[in-house]
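Participant: Here you go, this is entry-v8.cif (mmCIF, C-alpha atoms and all ligand atoms).
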data_input
loop_
_atom_site.label_atom_id
_atom_site.label_comp_id
_atom_site.auth_asym_id
_atom_site.auth_seq_id
_atom_site.Cartn_x
_atom_site.Cartn_y
_atom_site.Cartn_z
CA MET A 486 -1.81 -8.77 16.87
CA ILE A 487 -0.38 -6.22 19.31
CA ASP A 488 -2.18 -3.18 20.77
CA MET A 489 0.38 -0.68 22.01
CA ARG A 490 1.23 3.00 22.23
CA ALA A 491 3.87 3.91 19.70
CA ALA A 492 6.05 7.00 20.06
CA VAL A 493 6.52 9.29 17.07
CA ARG A 494 10.21 9.42 16.11
CA PHE A 495 9.72 11.80 13.17
CA ASN A 496 6.85 13.07 11.06
CA GLU A 497 7.90 15.04 8.02
CA ALA A 498 6.50 16.29 4.72
CA VAL A 499 8.07 14.36 1.81
CA ALA A 500 5.92 15.53 -1.12
CA LYS A 501 2.75 17.53 -1.74
CA ASP A 502 0.24 16.57 1.01
CA LEU A 503 2.32 13.46 1.78
CA PHE A 504 4.02 12.76 5.10
CA LEU A 505 6.42 10.06 6.28
CA MET A 506 6.08 9.11 9.93
CA GLY A 507 8.44 6.93 11.95
CA LEU A 508 6.84 5.14 14.91
CA GLU A 509 8.71 3.27 17.60
CA ALA A 510 6.89 -0.06 17.42
CA PRO A 511 9.46 -2.90 17.36
CA ALA A 512 7.02 -5.60 18.50
CA ILE A 513 4.64 -4.91 15.59
CA LEU A 514 7.46 -4.43 13.11
CA HIS A 515 9.13 -7.75 13.90
CA SER A 516 6.05 -9.82 13.14
CA ALA A 517 4.84 -7.77 10.14
CA ARG A 518 4.86 -8.86 6.49
CA PRO A 519 4.79 -6.56 3.46
CA GLY A 520 1.17 -5.58 2.72
CA GLN A 521 -0.09 -5.73 6.30
CA PHE A 522 -1.42 -2.63 8.02
CA VAL A 523 -1.94 -0.95 11.40
CA MET A 524 -4.92 0.90 12.88
CA LEU A 525 -3.76 4.22 14.38
CA GLY A 526 -5.65 6.25 16.97
CA LEU A 527 -5.29 9.89 15.94
CA GLY A 528 -6.75 12.24 18.51
CA GLU A 529 -6.78 12.83 22.23
CA GLY A 530 -9.56 10.86 23.95
CA ALA A 531 -12.48 9.70 21.83
CA ASP A 532 -12.32 12.19 18.96
CA PRO A 533 -12.03 11.03 16.25
CA LEU A 534 -13.55 7.86 17.66
CA LEU A 535 -12.42 5.42 14.99
CA ARG A 536 -8.83 4.49 14.39
CA ARG A 537 -7.62 4.83 10.79
CA PRO A 538 -5.91 2.10 8.71
CA PHE A 539 -2.44 2.66 7.26
CA SER A 540 -0.17 0.26 5.42
CA ILE A 541 3.11 -0.62 7.03
CA CYS A 542 5.32 1.24 4.58
CA GLY A 543 8.53 -0.31 5.83
CA ARG A 544 11.15 0.00 8.48
CA LYS A 545 14.02 2.26 9.43
CA GLY A 546 16.59 0.51 11.58
CA GLU A 547 15.47 -2.23 13.94
CA ASP A 548 12.56 -0.61 15.72
CA THR A 549 11.06 2.19 13.64
CA LEU A 550 7.96 1.40 11.63
CA LEU A 551 7.28 3.74 8.71
CA ILE A 552 3.89 5.10 7.69
CA LEU A 553 3.53 7.08 4.47
CA TYR A 554 0.26 8.99 4.36
CA ARG A 555 -1.70 11.52 2.37
CA ILE A 556 -3.76 14.24 4.05
CA VAL A 557 -7.34 13.71 2.89
CA GLY A 558 -9.56 14.54 5.89
CA ARG A 559 -9.69 15.31 9.58
CA GLY A 560 -7.84 12.27 10.90
CA THR A 561 -4.86 12.55 8.58
CA ALA A 562 -4.74 16.36 9.14
CA LEU A 563 -4.49 15.66 12.89
CA LEU A 564 -1.79 13.06 12.22
CA ALA A 565 0.30 15.59 10.28
CA ARG A 566 0.38 17.90 13.34
CA LEU A 567 1.95 15.32 15.67
CA GLY A 568 5.54 15.97 16.69
CA GLU A 569 8.41 13.83 17.94
CA GLY A 570 7.81 12.16 21.30
CA VAL A 571 3.99 12.09 21.15
CA ASP A 572 2.64 8.55 21.41
CA LEU A 573 -0.48 7.15 19.81
CA PRO A 574 -2.49 3.91 19.92
CA CYS A 575 -1.27 1.44 17.32
CA LEU A 576 -2.86 -1.96 16.63
CA GLY A 577 -1.17 -4.43 14.30
CA PRO A 578 0.08 -6.07 12.27
CA LEU A 579 -3.35 -6.66 10.70
CA GLY A 580 -4.68 -8.44 7.63
CA ARG A 581 -3.17 -10.63 4.97
CA GLY A 582 0.02 -9.36 3.32
CA PHE A 583 1.61 -10.20 -0.03
CA ASP A 584 2.37 -13.87 -0.57
CA LEU A 585 5.88 -13.59 -1.98
CA PRO A 586 7.75 -16.52 -3.50
CA GLU A 587 11.21 -17.28 -2.10
CA ASP A 588 12.40 -17.49 -5.70
CA GLY A 589 10.38 -17.68 -8.93
CA GLY A 590 11.66 -14.67 -10.80
CA THR A 591 11.14 -10.96 -10.70
CA VAL A 592 8.48 -9.38 -8.53
CA LEU A 593 7.00 -6.38 -10.35
CA ALA A 594 5.49 -3.76 -8.02
CA VAL A 595 2.94 -1.42 -9.62
CA ALA A 596 1.96 1.67 -7.64
CA GLY A 597 -0.65 4.34 -8.24
CA GLY A 598 -0.23 7.46 -6.07
CA ILE A 599 -0.17 6.71 -2.33
CA GLY A 600 -0.37 3.02 -3.33
CA ILE A 601 3.43 3.11 -3.18
CA ALA A 602 3.19 2.78 0.64
CA PRO A 603 2.96 -1.04 1.03
CA LEU A 604 5.20 -1.56 -2.00
CA VAL A 605 8.13 0.16 -0.26
CA SER A 606 7.93 -2.56 2.37
CA LEU A 607 7.81 -5.19 -0.38
CA MET A 608 10.91 -3.71 -2.07
CA GLN A 609 12.75 -3.59 1.27
CA SER A 610 11.94 -7.27 1.86
CA ARG A 611 13.18 -8.35 -1.60
CA SER A 612 16.70 -7.10 -1.00
CA GLY A 613 19.14 -9.08 -3.16
CA ARG A 614 16.35 -10.61 -5.28
CA PRO A 615 15.03 -9.27 -8.59
CA CYS A 616 12.38 -6.62 -8.08
CA GLU A 617 11.15 -3.84 -10.37
CA CYS A 618 8.75 -1.03 -9.62
CA LEU A 619 6.48 1.06 -11.84
CA ILE A 620 5.11 4.23 -10.25
CA GLY A 621 2.38 6.47 -11.56
CA CYS A 622 1.09 9.68 -10.04
CA ARG A 623 -0.61 12.87 -11.10
CA THR A 624 2.37 15.22 -11.07
CA ALA A 625 6.06 15.41 -10.04
CA ALA A 626 5.24 17.27 -6.80
CA GLU A 627 3.42 14.13 -5.56
CA LEU A 628 6.37 11.79 -6.12
CA VAL A 629 7.81 10.37 -2.91
CA PRO A 630 11.63 10.38 -2.89
CA LEU A 631 12.49 6.70 -2.49
CA ASP A 632 16.31 6.85 -2.41
CA ALA A 633 16.56 6.59 1.36
CA LEU A 634 13.77 4.02 1.60
CA VAL A 635 14.49 1.22 -0.85
CA PRO A 636 17.64 -0.76 -1.73
CA PRO A 637 19.64 0.90 -4.55
CA ASP A 638 19.43 -2.14 -6.85
CA ARG A 639 15.68 -1.73 -7.45
CA VAL A 640 14.69 -0.80 -11.01
CA ILE A 641 12.16 2.04 -10.70
CA ARG A 642 10.29 3.69 -13.58
CA VAL A 643 8.04 6.71 -13.17
CA ILE A 644 5.17 8.06 -15.23
CA THR A 645 2.96 11.08 -14.49
CA ASP A 646 -0.47 12.17 -15.74
CA ASP A 647 0.94 15.57 -16.79
CA GLY A 648 4.41 14.46 -17.96
CA SER A 649 6.21 16.56 -15.29
CA SER A 650 8.32 13.54 -14.27
CA GLY A 651 9.04 10.57 -16.48
CA ARG A 652 6.71 10.15 -19.42
CA ARG A 653 3.15 11.42 -19.72
CA GLY A 654 0.56 8.71 -19.20
CA LEU A 655 -0.75 6.10 -16.78
CA VAL A 656 1.16 3.46 -14.86
CA THR A 657 -0.86 0.81 -16.68
CA ASP A 658 0.74 2.09 -19.93
CA LEU A 659 4.16 1.22 -18.45
CA LEU A 660 2.85 -2.16 -17.32
CA GLU A 661 1.43 -2.97 -20.74
CA GLU A 662 4.81 -2.14 -22.33
CA ARG A 663 6.73 -4.18 -19.76
CA LEU A 664 4.52 -7.22 -20.33
CA GLY A 665 4.74 -6.79 -24.10
CA ARG A 666 8.55 -6.74 -24.14
CA LYS A 667 10.48 -9.78 -25.24
CA GLU A 668 12.41 -10.02 -21.95
CA LYS A 669 11.41 -12.62 -19.35
CA PRO A 670 8.01 -11.77 -17.85
CA PRO A 671 7.80 -11.11 -14.12
CA GLY A 672 6.96 -14.07 -11.88
CA LEU A 673 4.46 -12.01 -9.92
CA ILE A 674 2.80 -8.59 -10.13
CA CYS A 675 1.94 -6.84 -6.84
CA ALA A 676 -0.16 -3.71 -7.17
CA CYS A 677 -1.68 -1.02 -4.97
CA GLY A 678 -3.57 2.10 -6.03
CA PRO A 679 -7.05 3.30 -6.98
CA GLN A 680 -9.49 0.52 -7.78
CA PRO A 681 -9.96 1.38 -11.49
CA MET A 682 -6.18 1.12 -11.88
CA LEU A 683 -6.11 -2.22 -10.07
CA ARG A 684 -8.89 -3.57 -12.27
CA GLU A 685 -6.80 -2.73 -15.35
CA VAL A 686 -3.64 -4.21 -13.79
CA ALA A 687 -5.58 -7.41 -13.09
CA ARG A 688 -6.81 -7.52 -16.69
CA LEU A 689 -3.32 -7.01 -18.16
CA ALA A 690 -1.82 -9.62 -15.82
CA ALA A 691 -4.47 -12.20 -16.71
CA GLN A 692 -3.95 -11.49 -20.42
CA ALA A 693 -0.20 -12.08 -20.01
CA HIS A 694 -0.74 -15.17 -17.78
CA VAL A 695 1.21 -13.60 -14.90
CA SER A 696 0.08 -14.09 -11.26
CA CYS A 697 -1.20 -10.88 -9.72
CA GLN A 698 -1.89 -9.78 -6.14
CA VAL A 699 -3.65 -6.50 -5.38
CA SER A 700 -3.85 -4.50 -2.16
CA LEU A 701 -7.34 -3.01 -1.81
CA GLU A 702 -8.63 -0.12 0.28
CA ALA A 703 -12.03 0.24 1.94
CA ARG A 704 -13.42 2.47 4.66
CA MET A 705 -12.78 0.57 7.91
CA ALA A 706 -14.36 0.79 11.35
CA CYS A 707 -12.96 -2.09 13.43
CA GLY A 708 -10.06 -3.30 11.24
CA VAL A 709 -10.26 -6.82 12.68
CA GLY A 710 -13.17 -8.50 10.90
CA ALA A 711 -16.05 -7.80 13.32
CA CYS A 712 -18.17 -5.05 11.75
CA GLN A 713 -18.41 -6.21 8.08
CA GLY A 714 -17.95 -2.55 7.10
CA CYS A 715 -15.12 -3.06 4.64
CA VAL A 716 -16.38 -5.74 2.25
CA VAL A 717 -15.69 -6.10 -1.48
CA ALA A 718 -17.45 -8.44 -3.88
CA ALA A 719 -15.82 -11.85 -4.31
CA SER A 720 -15.57 -13.65 -7.64
CA THR A 721 -17.30 -16.96 -8.05
CA GLY A 722 -13.81 -18.48 -7.93
CA ALA A 723 -13.55 -17.23 -4.34
CA GLY A 724 -17.05 -18.54 -3.56
CA GLY A 725 -19.03 -15.43 -4.55
CA GLY A 726 -20.46 -13.25 -1.77
CA TYR A 727 -18.18 -10.79 -0.06
CA LEU A 728 -14.66 -10.59 1.33
CA ARG A 729 -13.60 -8.41 4.26
CA VAL A 730 -10.69 -6.20 3.20
CA CYS A 731 -9.36 -6.04 6.77
CA ARG A 732 -9.41 -9.78 7.36
CA GLU A 733 -9.30 -11.75 4.10
CA GLY A 734 -7.21 -8.86 2.62
CA PRO A 735 -6.10 -6.17 2.17
CA VAL A 736 -4.02 -8.23 -0.28
CA PHE A 737 -6.01 -10.54 -2.57
CA ASP A 738 -5.19 -12.64 -5.57
CA ALA A 739 -6.61 -10.50 -8.38
CA GLU A 740 -8.81 -13.45 -9.40
CA GLU A 741 -10.54 -13.49 -5.99
CA VAL A 742 -12.15 -10.08 -6.62
CA ASP A 743 -15.29 -9.57 -8.69
CA TRP A 744 -14.14 -6.39 -10.44
CA GLY A 745 -17.55 -5.89 -12.03
CA ARG A 746 -19.36 -5.75 -8.67
CA SER A 747 -16.62 -3.89 -6.71
CA HIS A 748 -16.77 -0.13 -7.05
CA GLY A 749 -14.19 1.21 -4.59
CA ARG A 750 -12.02 4.29 -5.12
C1 LIG B 1 -5.69 -1.37 4.42
C2 LIG B 1 -5.57 0.12 4.20
C3 LIG B 1 -4.32 0.69 4.12
C4 LIG B 1 -4.19 2.06 3.91
N1 LIG B 1 -2.94 2.57 3.83
C5 LIG B 1 -2.79 3.89 3.65
C6 LIG B 1 -1.48 4.45 3.58
O1 LIG B 1 -0.47 3.75 3.70
N2 LIG B 1 -1.38 5.78 3.41
C7 LIG B 1 -2.49 6.59 3.27
O2 LIG B 1 -2.34 7.80 3.10
N3 LIG B 1 -3.74 6.08 3.33
C8 LIG B 1 -3.90 4.76 3.53
N4 LIG B 1 -5.17 4.25 3.61
C9 LIG B 1 -6.31 5.19 3.53
C10 LIG B 1 -6.45 5.88 4.88
O3 LIG B 1 -6.91 4.94 5.83
C11 LIG B 1 -7.47 7.04 4.77
O4 LIG B 1 -6.94 8.04 3.93
C12 LIG B 1 -7.72 7.64 6.14
O5 LIG B 1 -8.45 6.74 6.94
C13 LIG B 1 -8.52 8.91 5.99
O6 LIG B 1 -8.78 9.41 7.29
P1 LIG B 1 -9.24 10.92 7.47
O7 LIG B 1 -9.83 11.04 8.84
O8 LIG B 1 -8.14 11.86 7.14
O9 LIG B 1 -10.34 11.11 6.35
P2 LIG B 1 -11.92 11.11 6.50
O10 LIG B 1 -12.32 12.44 7.07
O11 LIG B 1 -12.40 9.87 7.18
O12 LIG B 1 -12.31 11.05 4.95
C14 LIG B 1 -11.85 12.08 4.04
C15 LIG B 1 -11.83 11.56 2.62
O13 LIG B 1 -10.96 10.43 2.47
C16 LIG B 1 -11.64 9.32 1.92
N5 LIG B 1 -11.21 8.09 2.60
C17 LIG B 1 -11.26 7.85 3.92
N6 LIG B 1 -10.82 6.59 4.18
C18 LIG B 1 -10.49 6.04 3.02
C19 LIG B 1 -10.01 4.78 2.63
N7 LIG B 1 -9.77 3.80 3.49
N8 LIG B 1 -9.78 4.56 1.33
C20 LIG B 1 -10.03 5.51 0.45
N9 LIG B 1 -10.49 6.72 0.74
C21 LIG B 1 -10.74 7.00 2.01
C22 LIG B 1 -13.10 9.60 2.22
O14 LIG B 1 -13.94 8.97 1.29
C23 LIG B 1 -13.19 11.08 2.12
O15 LIG B 1 -13.31 11.51 0.80
C24 LIG B 1 -5.33 2.89 3.80
C25 LIG B 1 -6.60 2.31 3.87
C26 LIG B 1 -6.72 0.94 4.06
C27 LIG B 1 -8.06 0.33 4.14
S1 LIG B 2 -13.37 -3.00 9.20
FE1 LIG B 2 -14.70 -4.14 10.45
S2 LIG B 2 -14.88 -6.01 9.33
FE2 LIG B 2 -13.35 -4.91 8.24
#
Show me the file's structure as structure tokens.
Ligand SMILES: Cc1cc2nc3c(=O)[nH]c(=O)nc-3n(C[C@H](O)[C@H](O)[C@H](O)COP(=O)(O)OP(=O)(O)OC[C@H]3O[C@@H](n4cnc5c(N)ncnc54)[C@H](O)[C@@H]3O)c2cc1C
Ligand code: FES
Facilitator:
Amino acid sequence: MIDMRAAVRFNEAVAKDLFLMGLEAPAILHSARPGQFVMLGLGEGADPLLRRPFSICGRKGEDTLLILYRIVGRGTALLARLGEGVDLPCLGPLGRGFDLPEDGGTVLAVAGGIGIAPLVSLMQSRSGRPCECLIGCRTAAELVPLDALVPPDRVIRVITDDGSSGRRGLVTDLLEERLGRKEKPPGLICACGPQPMLREVARLAAQAHVSCQVSLEARMACGVGACQGCVVAASTGAGGGYLRVCREGPVFDAEEVDWGRSHGR
């Protein structure tokens, strides 16, 4: 884990309320795995006091770490105002990333909204190996253009709540169809998005007997396992009790989570 100041290389709007930021952070980038995250300090001095967690969305070149973020509150609004050359505190790589097989068939990435962020990194890392991606979001204006971010051989299918891009429906509809098709099932499903979506992805994966890993979100204070502020309920298979999203996650085997007792966003 490295605590450094990372210079902003670029910070641009890519879709409605969504920004892509490039940070010069080669030391963090070189030891990071898909699914890990960084804690970014956002303001001058102590305001806001707490750093905010963001998935490592991927890389551009050898030394630029990408963050894809949605403006939801004060910290992310401050982030969107930062220009090239500013530097900010950056701690990472943190947490447990996706456990990806060297071979073992197709990895199927399933993204809901801003949940595409860690899955870009996953698709970048699977270059040359079979990888498909299903993306769902509310409307076309919220779709992140992926052409410049992921290898061209990725199979990407889009669905929107209002039918303004791709079909009308939910990403879990696409997943259900994909798993129901006669073609070879994926070797692994990796998903990130709102918790109700992840619960349904976990259910469909279990029904189809396909391994599934989910990246969860929780409000975080320390990001390193000290404050217990980010826990989710563990299944009895994972010993019951609670799991820290920042330390035991953010990526979990879907079977480790007690979906009935976890009520995140
Ligand atoms: C491991 C991890 C990875 C993440 N990766 C990304 C990413 O790649 N891109 C991205 O845009 N966001 C990501 N998030 C969520 C991001 O951390 C929050 O959106 C951010 O902290 C909000 O800060 P804020 O000051 O703007 O909002 P605040 O003013 O703190 O809160 C504003 C609103 O956002 C909600 N919110 C705040 N934090 C979270 C959170 N962690 N999860 C869900 N809702 C939250 C609050 O409930 C509130 O409604 C990630 C969160 C985690 C835990
Ligand atoms: S944020 Fe402190 S334990 Fe996870």
Participant: Residues up to 9 Å from ligand LIG 1 (chain B), counting all atoms listed in the file: could you list those as a JSON list (two decimals) with C-alpha atoms, keeping the file's coordinate frame?
Facilitator:
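Produced file pocket_20.json, reproduced below:
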[["chain", "number", "residue", "atom", "x", "y", "z"],
["A", 503, "LEU", "CA", 2.32, 13.46, 1.78],
["A", 504, "PHE", "CA", 4.02, 12.76, 5.10],
["A", 520, "GLY", "CA", 1.17, -5.58, 2.72],
["A", 521, "GLN", "CA", -0.09, -5.73, 6.30],
["A", 522, "PHE", "CA", -1.42, -2.63, 8.02],
["A", 523, "VAL", "CA", -1.94, -0.95, 11.40],
["A", 524, "MET", "CA", -4.92, 0.90, 12.88],
["A", 527, "LEU", "CA", -5.29, 9.89, 15.94],
["A", 533, "PRO", "CA", -12.03, 11.03, 16.25],
["A", 535, "LEU", "CA", -12.42, 5.42, 14.99],
["A", 536, "ARG", "CA", -8.83, 4.49, 14.39],
["A", 537, "ARG", "CA", -7.62, 4.83, 10.79],
["A", 538, "PRO", "CA", -5.91, 2.10, 8.71],
["A", 539, "PHE", "CA", -2.44, 2.66, 7.26],
["A", 540, "SER", "CA", -0.17, 0.26, 5.42],
["A", 541, "ILE", "CA", 3.11, -0.62, 7.03],
["A", 542, "CYS", "CA", 5.32, 1.24, 4.58],
["A", 552, "ILE", "CA", 3.89, 5.10, 7.69],
["A", 553, "LEU", "CA", 3.53, 7.08, 4.47],
["A", 554, "TYR", "CA", 0.26, 8.99, 4.36],
["A", 555, "ARG", "CA", -1.70, 11.52, 2.37],
["A", 556, "ILE", "CA", -3.76, 14.24, 4.05],
["A", 557, "VAL", "CA", -7.34, 13.71, 2.89],
["A", 558, "GLY", "CA", -9.56, 14.54, 5.89],
["A", 559, "ARG", "CA", -9.69, 15.31, 9.58],
["A", 560, "GLY", "CA", -7.84, 12.27, 10.90],
["A", 561, "THR", "CA", -4.86, 12.55, 8.58],
["A", 562, "ALA", "CA", -4.74, 16.36, 9.14],
["A", 563, "LEU", "CA", -4.49, 15.66, 12.89],
["A", 564, "LEU", "CA", -1.79, 13.06, 12.22],
["A", 579, "LEU", "CA", -3.35, -6.66, 10.70],
["A", 580, "GLY", "CA", -4.68, -8.44, 7.63],
["A", 599, "ILE", "CA", -0.17, 6.71, -2.33],
["A", 600, "GLY", "CA", -0.37, 3.02, -3.33],
["A", 601, "ILE", "CA", 3.43, 3.11, -3.18],
["A", 602, "ALA", "CA", 3.19, 2.78, 0.64],
["A", 603, "PRO", "CA", 2.96, -1.04, 1.03],
["A", 679, "PRO", "CA", -7.05, 3.30, -6.98],
["A", 700, "SER", "CA", -3.85, -4.50, -2.16],
["A", 701, "LEU", "CA", -7.34, -3.01, -1.81],
["A", 702, "GLU", "CA", -8.63, -0.12, 0.28],
["A", 703, "ALA", "CA", -12.03, 0.24, 1.94],
["A", 704, "ARG", "CA", -13.42, 2.47, 4.66],
["A", 705, "MET", "CA", -12.78, 0.57, 7.91],
["A", 708, "GLY", "CA", -10.06, -3.30, 11.24],
["A", 715, "CYS", "CA", -15.12, -3.06, 4.64],
["A", 730, "VAL", "CA", -10.69, -6.20, 3.20],
["A", 731, "CYS", "CA", -9.36, -6.04, 6.77],
["A", 734, "GLY", "CA", -7.21, -8.86, 2.62],
["A", 735, "PRO", "CA", -6.10, -6.17, 2.17],
["A", 736, "VAL", "CA", -4.02, -8.23, -0.28],
["A", 749, "GLY", "CA", -14.19, 1.21, -4.59],
["A", 750, "ARG", "CA", -12.02, 4.29, -5.12]]
Participant: Which is closest to Val709 of chain A among A:Arg494, A:Arg746, A:Arg581, A:Arg614, if we use all atoms listed in the file?
Facilitator: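 Closest to Val709 of chain A, using all atoms listed in the file: A:Arg581.
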Participant: Which centre and which edge lengths, in Å to one decimal, describe the axis-aligned box that holds all listed atoms of ligand LIG 2 (chain B) after 6 Å is added on each side, as JSON?
Facilitator:
{"center_x": -14.1, "center_y": -4.5, "center_z": 9.3, "size_x": 13.5, "size_y": 15.0, "size_z": 14.2}
Participant: Would you please work out which residue, of A:Val717, A:Ala500, A:Ala739, A:Ala711, is nearest to ligand LIG 2 (chain B) when using all atoms listed in the file?
Facilitator: A:Ala711
Participant: Kindly provide the residues of segment 557-622 of chain A that approach segment 643-655 of chain A to within 7 Å, each paired with its closest atom pair and their distance in Å to one decimal, based on only C-alpha atoms, listed by chain and increasing number, as JSON lines.
Facilitator:
{"residue": "A:Leu619", "atom": "CA", "partner": "A:Val643", "partner_atom": "CA", "distance": 6.0}
{"residue": "A:Ile620", "atom": "CA", "partner": "A:Val643", "partner_atom": "CA", "distance": 4.8}
{"residue": "A:Gly621", "atom": "CA", "partner": "A:Ile644", "partner_atom": "CA", "distance": 4.9}
{"residue": "A:Cys622", "atom": "CA", "partner": "A:Thr645", "partner_atom": "CA", "distance": 5.0}
Participant: Hey, can you pull every residue with an atom no more than 12 Å from (18.0, 3.4, 9.6), using all atoms listed in the file, and send it as a list in words?
Facilitator: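 Here is the list of nearby residues: Arg494, Gly507, Gly543, Arg544, Lys545, Gly546, Glu547, Asp548, Thr549, Leu550, Leu551, Ala633, Leu634 and Val635 of chain A.
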Participant: Print the selection's residues with C-alpha atoms to a file, as a short mmCIF file (atom, residue, chain, number, x, y, z; two decimals), keeping the file's coordinate frame.
Facilitator:
data_model
loop_
_atom_site.label_atom_id
_atom_site.label_comp_id
_atom_site.auth_asym_id
_atom_site.auth_seq_id
_atom_site.Cartn_x
_atom_site.Cartn_y
_atom_site.Cartn_z
CA ARG A 494 10.21 9.42 16.11
CA GLY A 507 8.44 6.93 11.95
CA GLY A 543 8.53 -0.31 5.83
CA ARG A 544 11.15 0.00 8.48
CA LYS A 545 14.02 2.26 9.43
CA GLY A 546 16.59 0.51 11.58
CA GLU A 547 15.47 -2.23 13.94
CA ASP A 548 12.56 -0.61 15.72
CA THR A 549 11.06 2.19 13.64
CA LEU A 550 7.96 1.40 11.63
CA LEU A 551 7.28 3.74 8.71
CA ALA A 633 16.56 6.59 1.36
CA LEU A 634 13.77 4.02 1.60
CA VAL A 635 14.49 1.22 -0.85
#
Participant: Just checking: using all atoms listed in the file, which residue out of A:Asp632, A:Glu733, A:Glu662, A:Asp738 ends up closest to ligand LIG 2 (chain B)?
Facilitator: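 Nearest candidate to ligand LIG 2 (chain B) out of A:Asp632, A:Glu733, A:Glu662, A:Asp738: A:Glu733.
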Participant: Counting all atoms listed in the file, note down every residue that has an atom within 9 Å of the point (3.0, 9.4, 20.3) (file coordinates), as a ChimeraX atom specification.
Facilitator: /A:490-494,508-509,567-574
Participant: Please compute the atom CA of Ser747 of chain A-atom CA of Cys618 of chain A distance, one decimal, in Å.
Facilitator: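 Straight-line distance from atom CA of Ser747 of chain A to atom CA of Cys618 of chain A works out to 25.7 Å.
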Participant: For Arg684 of chain A, which residue out of A:Val716, A:Arg518, A:Thr657, A:Ala706 is the nearest one, using all atoms listed in the file?
Facilitator: A:Thr657
Participant: Considering all atoms listed in the file, return as a VMD selection string whatever protein or nucleic-acid residues lie within 9 Å of Gly672 of chain A, sequence-local ones (same chain, fewer than 3 positions apart) excluded.
Facilitator: chain A and resid 586 588 to 593 669 695 to 696
Participant: What gap, in Å, lies between atom CA of Leu604 of chain A and atom CA of Ile674 of chain A?
Facilitator: 11.0 Å
Participant: Considering only C-alpha atoms and all ligand atoms, can you say which of A:Leu728, A:Ala626, A:Pro671, A:Gly597 comes closest to ligand LIG 2 (chain B)?
Facilitator: A:Leu728
Participant: Excluding same-chain residues fewer than 3 positions from Glu740 of chain A, what lies within 8 Å of it counting all atoms listed in the file, as a list in words?
Facilitator: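 My reading of the contact set: Ala687, Ser720, Gly722, Ala723, Phe737 and Asp743 of chain A.
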Participant: What does the distance from atom CA of Pro681 of chain A to atom CA of Leu585 of chain A come to in Å, to one decimal?
Facilitator: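 Atom CA of Pro681 of chain A sits 23.8 Å away from atom CA of Leu585 of chain A.
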